[in-house]
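Enquirer: See coords.txt below, with compact mmCIF, N, CA and C atoms.
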# COMPACT_ATOMS: atom_id res chain seq x y z
N MET A 1 103.96 -53.38 -63.30
CA MET A 1 102.55 -53.06 -63.25
C MET A 1 102.05 -52.74 -64.65
N THR A 2 100.79 -53.06 -64.87
CA THR A 2 100.18 -52.73 -66.15
C THR A 2 99.87 -51.23 -66.18
N LYS A 3 99.53 -50.73 -67.35
CA LYS A 3 99.17 -49.31 -67.49
C LYS A 3 98.01 -48.96 -66.55
N ALA A 4 96.99 -49.82 -66.51
CA ALA A 4 95.83 -49.57 -65.65
C ALA A 4 96.24 -49.56 -64.18
N GLU A 5 97.10 -50.48 -63.78
CA GLU A 5 97.56 -50.52 -62.39
C GLU A 5 98.34 -49.26 -62.02
N VAL A 6 99.14 -48.77 -62.94
CA VAL A 6 99.89 -47.54 -62.70
C VAL A 6 98.93 -46.37 -62.50
N ILE A 7 97.93 -46.27 -63.36
CA ILE A 7 96.94 -45.18 -63.26
C ILE A 7 96.23 -45.26 -61.91
N LEU A 8 95.78 -46.44 -61.54
CA LEU A 8 95.08 -46.58 -60.26
C LEU A 8 96.01 -46.27 -59.09
N TRP A 9 97.23 -46.76 -59.13
CA TRP A 9 98.18 -46.52 -58.04
C TRP A 9 98.45 -45.03 -57.87
N VAL A 10 98.64 -44.33 -58.96
CA VAL A 10 98.86 -42.88 -58.88
C VAL A 10 97.65 -42.20 -58.24
N ASN A 11 96.45 -42.63 -58.63
CA ASN A 11 95.24 -42.01 -58.09
C ASN A 11 95.02 -42.32 -56.62
N ILE A 12 95.26 -43.54 -56.20
CA ILE A 12 95.00 -43.84 -54.79
C ILE A 12 96.13 -43.37 -53.89
N ARG A 13 97.27 -43.06 -54.46
CA ARG A 13 98.37 -42.50 -53.66
C ARG A 13 98.25 -41.00 -53.53
N LYS A 14 97.90 -40.30 -54.60
CA LYS A 14 97.94 -38.84 -54.58
C LYS A 14 96.63 -38.22 -54.10
N ARG A 15 95.53 -38.95 -54.18
CA ARG A 15 94.24 -38.41 -53.79
C ARG A 15 93.91 -38.78 -52.35
N ALA A 16 93.08 -37.98 -51.75
CA ALA A 16 92.62 -38.27 -50.40
C ALA A 16 91.76 -39.53 -50.43
N MET A 17 92.11 -40.50 -49.63
CA MET A 17 91.37 -41.75 -49.56
C MET A 17 90.86 -41.95 -48.14
N ASN A 18 90.26 -40.91 -47.58
CA ASN A 18 89.74 -40.96 -46.21
C ASN A 18 90.83 -41.30 -45.20
N GLY A 19 92.05 -40.88 -45.49
CA GLY A 19 93.16 -41.12 -44.59
C GLY A 19 93.72 -42.53 -44.63
N GLU A 20 93.17 -43.37 -45.47
CA GLU A 20 93.63 -44.76 -45.56
C GLU A 20 94.78 -44.87 -46.56
N ARG A 21 95.68 -45.80 -46.28
CA ARG A 21 96.85 -45.99 -47.16
C ARG A 21 96.81 -47.37 -47.78
N PHE A 22 96.98 -47.39 -49.08
CA PHE A 22 97.01 -48.65 -49.81
C PHE A 22 98.43 -49.13 -50.00
N ARG A 23 98.58 -50.43 -50.00
CA ARG A 23 99.85 -51.08 -50.35
C ARG A 23 99.63 -51.76 -51.69
N ARG A 24 100.67 -51.81 -52.48
CA ARG A 24 100.53 -52.52 -53.76
C ARG A 24 101.30 -53.83 -53.67
N GLN A 25 100.83 -54.80 -54.42
CA GLN A 25 101.42 -56.14 -54.44
C GLN A 25 101.56 -56.67 -53.01
N HIS A 26 100.43 -56.68 -52.30
CA HIS A 26 100.40 -57.07 -50.90
C HIS A 26 100.03 -58.55 -50.75
N PRO A 27 100.84 -59.33 -50.03
CA PRO A 27 100.51 -60.75 -49.86
C PRO A 27 99.32 -60.95 -48.91
N ILE A 28 98.42 -61.81 -49.33
CA ILE A 28 97.29 -62.24 -48.50
C ILE A 28 97.21 -63.75 -48.67
N GLY A 29 97.53 -64.48 -47.63
CA GLY A 29 97.60 -65.93 -47.75
C GLY A 29 98.58 -66.30 -48.84
N PRO A 30 98.20 -67.23 -49.72
CA PRO A 30 99.10 -67.64 -50.79
C PRO A 30 99.05 -66.73 -52.02
N TYR A 31 98.29 -65.64 -51.94
CA TYR A 31 98.06 -64.77 -53.10
C TYR A 31 98.70 -63.40 -52.90
N ILE A 32 98.84 -62.68 -54.01
CA ILE A 32 99.32 -61.31 -53.99
C ILE A 32 98.19 -60.43 -54.53
N ALA A 33 97.70 -59.53 -53.69
CA ALA A 33 96.65 -58.60 -54.12
C ALA A 33 97.29 -57.44 -54.86
N ASP A 34 96.63 -56.96 -55.91
CA ASP A 34 97.15 -55.80 -56.64
C ASP A 34 97.32 -54.63 -55.69
N PHE A 35 96.25 -54.31 -54.94
CA PHE A 35 96.28 -53.22 -53.97
C PHE A 35 95.49 -53.64 -52.74
N CYS A 36 95.95 -53.23 -51.58
CA CYS A 36 95.28 -53.62 -50.34
C CYS A 36 95.35 -52.49 -49.33
N GLU A 37 94.22 -52.19 -48.71
CA GLU A 37 94.18 -51.31 -47.56
C GLU A 37 93.93 -52.25 -46.39
N HIS A 38 95.00 -52.54 -45.67
CA HIS A 38 94.99 -53.60 -44.66
C HIS A 38 94.08 -53.29 -43.47
N THR A 39 94.08 -52.06 -43.00
CA THR A 39 93.28 -51.70 -41.84
C THR A 39 91.80 -51.89 -42.10
N ARG A 40 91.35 -51.46 -43.27
CA ARG A 40 89.93 -51.56 -43.63
C ARG A 40 89.62 -52.86 -44.36
N LYS A 41 90.65 -53.67 -44.59
CA LYS A 41 90.51 -54.97 -45.26
C LYS A 41 89.82 -54.84 -46.62
N LEU A 42 90.35 -53.94 -47.42
CA LEU A 42 89.83 -53.73 -48.76
C LEU A 42 90.90 -54.07 -49.79
N VAL A 43 90.56 -54.95 -50.70
CA VAL A 43 91.46 -55.36 -51.78
C VAL A 43 90.92 -54.83 -53.09
N ILE A 44 91.81 -54.31 -53.93
CA ILE A 44 91.43 -53.88 -55.28
C ILE A 44 92.22 -54.71 -56.27
N GLU A 45 91.51 -55.31 -57.19
CA GLU A 45 92.12 -56.09 -58.26
C GLU A 45 91.82 -55.41 -59.59
N VAL A 46 92.83 -55.31 -60.43
CA VAL A 46 92.67 -54.74 -61.77
C VAL A 46 92.84 -55.88 -62.77
N ASP A 47 91.77 -56.14 -63.52
CA ASP A 47 91.74 -57.31 -64.39
C ASP A 47 91.93 -56.96 -65.85
N GLY A 48 92.87 -57.64 -66.46
CA GLY A 48 93.09 -57.52 -67.90
C GLY A 48 92.38 -58.64 -68.63
N GLY A 49 92.64 -58.77 -69.90
CA GLY A 49 91.98 -59.77 -70.73
C GLY A 49 92.20 -61.20 -70.28
N VAL A 50 93.34 -61.50 -69.71
CA VAL A 50 93.64 -62.87 -69.28
C VAL A 50 92.69 -63.33 -68.17
N HIS A 51 92.12 -62.40 -67.44
CA HIS A 51 91.21 -62.76 -66.35
C HIS A 51 89.90 -63.35 -66.87
N ARG A 52 89.55 -63.06 -68.10
CA ARG A 52 88.35 -63.68 -68.68
C ARG A 52 88.56 -65.17 -68.86
N ILE A 53 89.79 -65.54 -69.16
CA ILE A 53 90.14 -66.95 -69.36
C ILE A 53 90.25 -67.66 -68.01
N LYS A 54 90.72 -66.94 -66.99
CA LYS A 54 90.96 -67.52 -65.67
C LYS A 54 89.83 -67.23 -64.68
N ALA A 55 88.62 -67.11 -65.15
CA ALA A 55 87.50 -66.71 -64.29
C ALA A 55 87.30 -67.66 -63.11
N ALA A 56 87.37 -68.95 -63.34
CA ALA A 56 87.16 -69.92 -62.25
C ALA A 56 88.28 -69.81 -61.22
N GLN A 57 89.50 -69.69 -61.69
CA GLN A 57 90.65 -69.54 -60.78
C GLN A 57 90.53 -68.25 -59.98
N ASP A 58 90.14 -67.16 -60.63
CA ASP A 58 89.95 -65.88 -59.94
C ASP A 58 88.84 -65.98 -58.89
N ALA A 59 87.77 -66.71 -59.20
CA ALA A 59 86.66 -66.86 -58.25
C ALA A 59 87.11 -67.61 -57.00
N ARG A 60 87.91 -68.66 -57.17
CA ARG A 60 88.44 -69.39 -56.01
C ARG A 60 89.35 -68.50 -55.18
N ARG A 61 90.21 -67.77 -55.86
CA ARG A 61 91.14 -66.87 -55.20
C ARG A 61 90.38 -65.80 -54.41
N GLN A 62 89.38 -65.20 -55.04
CA GLN A 62 88.60 -64.17 -54.38
C GLN A 62 87.84 -64.75 -53.18
N ALA A 63 87.29 -65.94 -53.31
CA ALA A 63 86.56 -66.57 -52.20
C ALA A 63 87.48 -66.78 -51.00
N LEU A 64 88.71 -67.19 -51.24
CA LEU A 64 89.66 -67.38 -50.13
C LEU A 64 90.00 -66.06 -49.47
N ILE A 65 90.23 -65.04 -50.27
CA ILE A 65 90.55 -63.71 -49.72
C ILE A 65 89.37 -63.18 -48.92
N GLU A 66 88.17 -63.35 -49.43
CA GLU A 66 86.98 -62.89 -48.71
C GLU A 66 86.76 -63.70 -47.43
N ALA A 67 87.10 -64.98 -47.45
CA ALA A 67 86.98 -65.81 -46.25
C ALA A 67 87.93 -65.34 -45.15
N MET A 68 88.97 -64.62 -45.54
CA MET A 68 89.93 -64.06 -44.58
C MET A 68 89.47 -62.69 -44.08
N GLY A 69 88.26 -62.28 -44.49
CA GLY A 69 87.68 -61.04 -43.98
C GLY A 69 87.86 -59.82 -44.86
N TYR A 70 88.39 -59.99 -46.04
CA TYR A 70 88.61 -58.86 -46.95
C TYR A 70 87.43 -58.67 -47.88
N ARG A 71 87.20 -57.43 -48.26
CA ARG A 71 86.24 -57.10 -49.33
C ARG A 71 87.07 -56.90 -50.59
N VAL A 72 86.60 -57.43 -51.71
CA VAL A 72 87.36 -57.35 -52.96
C VAL A 72 86.58 -56.53 -53.97
N LEU A 73 87.23 -55.50 -54.51
CA LEU A 73 86.70 -54.72 -55.62
C LEU A 73 87.49 -55.11 -56.86
N ARG A 74 86.79 -55.37 -57.95
CA ARG A 74 87.45 -55.71 -59.20
C ARG A 74 87.10 -54.67 -60.25
N PHE A 75 88.11 -54.23 -60.97
CA PHE A 75 87.92 -53.28 -62.06
C PHE A 75 88.61 -53.80 -63.30
N ASP A 76 87.97 -53.64 -64.42
CA ASP A 76 88.55 -53.99 -65.71
C ASP A 76 89.58 -52.94 -66.10
N ASN A 77 90.65 -53.36 -66.76
CA ASN A 77 91.69 -52.42 -67.22
C ASN A 77 91.09 -51.22 -67.94
N ASP A 78 90.17 -51.47 -68.88
CA ASP A 78 89.60 -50.39 -69.68
C ASP A 78 88.87 -49.37 -68.80
N CYS A 79 88.17 -49.85 -67.79
CA CYS A 79 87.45 -48.95 -66.89
C CYS A 79 88.43 -48.04 -66.14
N VAL A 80 89.51 -48.60 -65.66
CA VAL A 80 90.51 -47.81 -64.92
C VAL A 80 91.15 -46.77 -65.84
N ILE A 81 91.45 -47.17 -67.06
CA ILE A 81 92.12 -46.27 -68.01
C ILE A 81 91.17 -45.17 -68.50
N LYS A 82 89.94 -45.55 -68.85
CA LYS A 82 89.02 -44.59 -69.46
C LYS A 82 88.24 -43.75 -68.46
N ASN A 83 88.06 -44.24 -67.24
CA ASN A 83 87.25 -43.51 -66.29
C ASN A 83 87.81 -43.62 -64.86
N PRO A 84 89.02 -43.12 -64.66
CA PRO A 84 89.64 -43.23 -63.33
C PRO A 84 88.86 -42.51 -62.24
N ASP A 85 88.16 -41.44 -62.58
CA ASP A 85 87.37 -40.72 -61.57
C ASP A 85 86.25 -41.59 -61.02
N ALA A 86 85.59 -42.35 -61.87
CA ALA A 86 84.52 -43.24 -61.42
C ALA A 86 85.08 -44.34 -60.52
N VAL A 87 86.24 -44.88 -60.89
CA VAL A 87 86.88 -45.90 -60.06
C VAL A 87 87.22 -45.31 -58.69
N HIS A 88 87.73 -44.09 -58.68
CA HIS A 88 88.06 -43.42 -57.43
C HIS A 88 86.84 -43.28 -56.54
N ARG A 89 85.71 -42.90 -57.13
CA ARG A 89 84.47 -42.74 -56.36
C ARG A 89 84.01 -44.08 -55.75
N VAL A 90 84.14 -45.15 -56.51
CA VAL A 90 83.75 -46.48 -56.01
C VAL A 90 84.63 -46.88 -54.83
N VAL A 91 85.93 -46.63 -54.95
CA VAL A 91 86.86 -46.97 -53.88
C VAL A 91 86.55 -46.15 -52.63
N LEU A 92 86.31 -44.86 -52.80
CA LEU A 92 85.95 -44.00 -51.67
C LEU A 92 84.67 -44.50 -50.99
N ALA A 93 83.69 -44.88 -51.78
CA ALA A 93 82.43 -45.39 -51.22
C ALA A 93 82.68 -46.67 -50.43
N ALA A 94 83.57 -47.51 -50.92
CA ALA A 94 83.88 -48.76 -50.22
C ALA A 94 84.59 -48.49 -48.90
N LEU A 95 85.35 -47.41 -48.83
CA LEU A 95 86.05 -47.06 -47.60
C LEU A 95 85.14 -46.37 -46.58
N ALA A 96 84.02 -45.82 -47.07
CA ALA A 96 83.12 -45.06 -46.18
C ALA A 96 82.37 -45.98 -45.23
Since I need it in another form, could you write the structure as structure tokens?
Expert:
Amino acid sequence: MTKAEVILWVNIRKRAMNGERFRRQHPIGPYIADFCEHTRKLVIEVDGGVHRIKAAQDARRQALIEAMGYRVLRFDNDCVIKNPDAVHRVVLAALA
């Protein structure tokens, strides 16, 4: 896991997430989601610099995951590292 993924994983594991449990590196179709709350069908992706280059591929991947009924939240590495509390609030709002 990247530094940002570790920070997010620690936060979503140790903090109250409305009783929901996330899995990391969870398979969805032919893809592996960074984090997934299967019951609520919420996927969290943490994007590093390489994702700017792979934007079209990421868009296709996200469209397929969303077509399977999942909601996808994407966060940039820097956002997760510099402002984990804000990321936590967004995730909580998505679960509400």
Enquirer: Compare A:Val91, A:Ala86, A:Ile44, A:Ile81 by their minimum atom-to-atom distance to Ile7 of chain A, counting all atoms listed in the file, and give me the closest one.
Expert: A:Ile81
Enquirer: Run DSSP on the backbone and grab whatever in segment 4-93 of chain A lands in alpha helix (DSSP H); send it over as a ChimeraX atom specification.
Expert: /A:4-14,50-53,55-67,77-82,84-93
Enquirer: Which distance in Å separates atom CA of Cys79 of chain A and atom CA of Ala67 of chain A, to one decimal?
Expert: 26.7 Å
Enquirer: I want to know what sits within 7 Å of Asn77 of chain A, based on only N, CA and C atoms, with residues of the same chain fewer than 4 positions away left out; could you give that as a PyMOL selection string?
Expert: chain A and resi 4-5+46-49+81-82
Enquirer: Those residues with N, CA and C atoms, as a PDB file, in the frame of the given file please?
Expert:
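Full text of out-v2.pdb as output:
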ATOM      1  N   ALA A   4      96.990 -49.820 -66.510  1.00  0.00           N
ATOM      2  CA  ALA A   4      95.830 -49.570 -65.650  1.00  0.00           C
ATOM      3  C   ALA A   4      96.240 -49.560 -64.180  1.00  0.00           C
ATOM      4  N   GLU A   5      97.100 -50.480 -63.780  1.00  0.00           N
ATOM      5  CA  GLU A   5      97.560 -50.520 -62.390  1.00  0.00           C
ATOM      6  C   GLU A   5      98.340 -49.260 -62.020  1.00  0.00           C
ATOM      7  N   VAL A  46      92.830 -55.310 -60.430  1.00  0.00           N
ATOM      8  CA  VAL A  46      92.670 -54.740 -61.770  1.00  0.00           C
ATOM      9  C   VAL A  46      92.840 -55.880 -62.770  1.00  0.00           C
ATOM     10  N   ASP A  47      91.770 -56.140 -63.520  1.00  0.00           N
ATOM     11  CA  ASP A  47      91.740 -57.310 -64.390  1.00  0.00           C
ATOM     12  C   ASP A  47      91.930 -56.960 -65.850  1.00  0.00           C
ATOM     13  N   GLY A  48      92.870 -57.640 -66.460  1.00  0.00           N
ATOM     14  CA  GLY A  48      93.090 -57.520 -67.900  1.00  0.00           C
ATOM     15  C   GLY A  48      92.380 -58.640 -68.630  1.00  0.00           C
ATOM     16  N   GLY A  49      92.640 -58.770 -69.900  1.00  0.00           N
ATOM     17  CA  GLY A  49      91.980 -59.770 -70.730  1.00  0.00           C
ATOM     18  C   GLY A  49      92.200 -61.200 -70.280  1.00  0.00           C
ATOM     19  N   ILE A  81      91.450 -47.170 -67.060  1.00  0.00           N
ATOM     20  CA  ILE A  81      92.120 -46.270 -68.010  1.00  0.00           C
ATOM     21  C   ILE A  81      91.170 -45.170 -68.500  1.00  0.00           C
ATOM     22  N   LYS A  82      89.940 -45.550 -68.850  1.00  0.00           N
ATOM     23  CA  LYS A  82      89.020 -44.590 -69.460  1.00  0.00           C
ATOM     24  C   LYS A  82      88.240 -43.750 -68.460  1.00  0.00           C
TER      25      LYS A  82
END
Enquirer: Counting only C-alpha atoms, which of A:Asn18, A:Tyr31, A:Met1, A:Asn11 gets nearest to Leu64 of chain A?
Expert: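 When distances to Leu64 of chain A are compared using only C-alpha atoms, the smallest one comes from A:Tyr31.
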Enquirer: Mind checking DSSP for chain A and telling me the strand (DSSP E or B) residues as an MDAnalysis selection string?
Expert: chainID A and resid 23:28 31:37 42:47 71:76
Enquirer: To one decimal place, how far is atom N of Leu73 of chain A from atom CA of Lys3 of chain A in Å?
Expert: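 Straight-line distance from atom N of Leu73 of chain A to atom CA of Lys3 of chain A works out to 18.7 Å.
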Enquirer: What is the distance between atom CA of Glu66 of chain A and atom C of Phe35 of chain A, in Å to one decimal?
Expert: 13.2 Å
Enquirer: Let me make sure I understand: among A:Val43, A:Ile65, A:Pro84, A:Ala93, which one has the smallest atom-to-atom distance to Gly29 of chain A if we use only N, CA and C atoms?
Expert: A:Ile65
Enquirer: So that I can check the surroundings of Gln25 of chain A, please list as a list of chain:residue names every protein, DNA and RNA residue that reaches within 6 Å of it, counting only C-alpha atoms and ignoring chain neighbours fewer than 6 positions away.
Expert: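 Contacts, with the query itself left out: A:Ile32, A:Ala33, A:Asp34, A:Phe35.
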Enquirer: Counting only N, CA and C atoms, which residue out of A:His88, A:Lys41, A:Arg13, A:Lys54 sits closest to Gly69 of chain A?
Expert: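 Among the listed residues, A:Lys41 lies closest to Gly69 of chain A.
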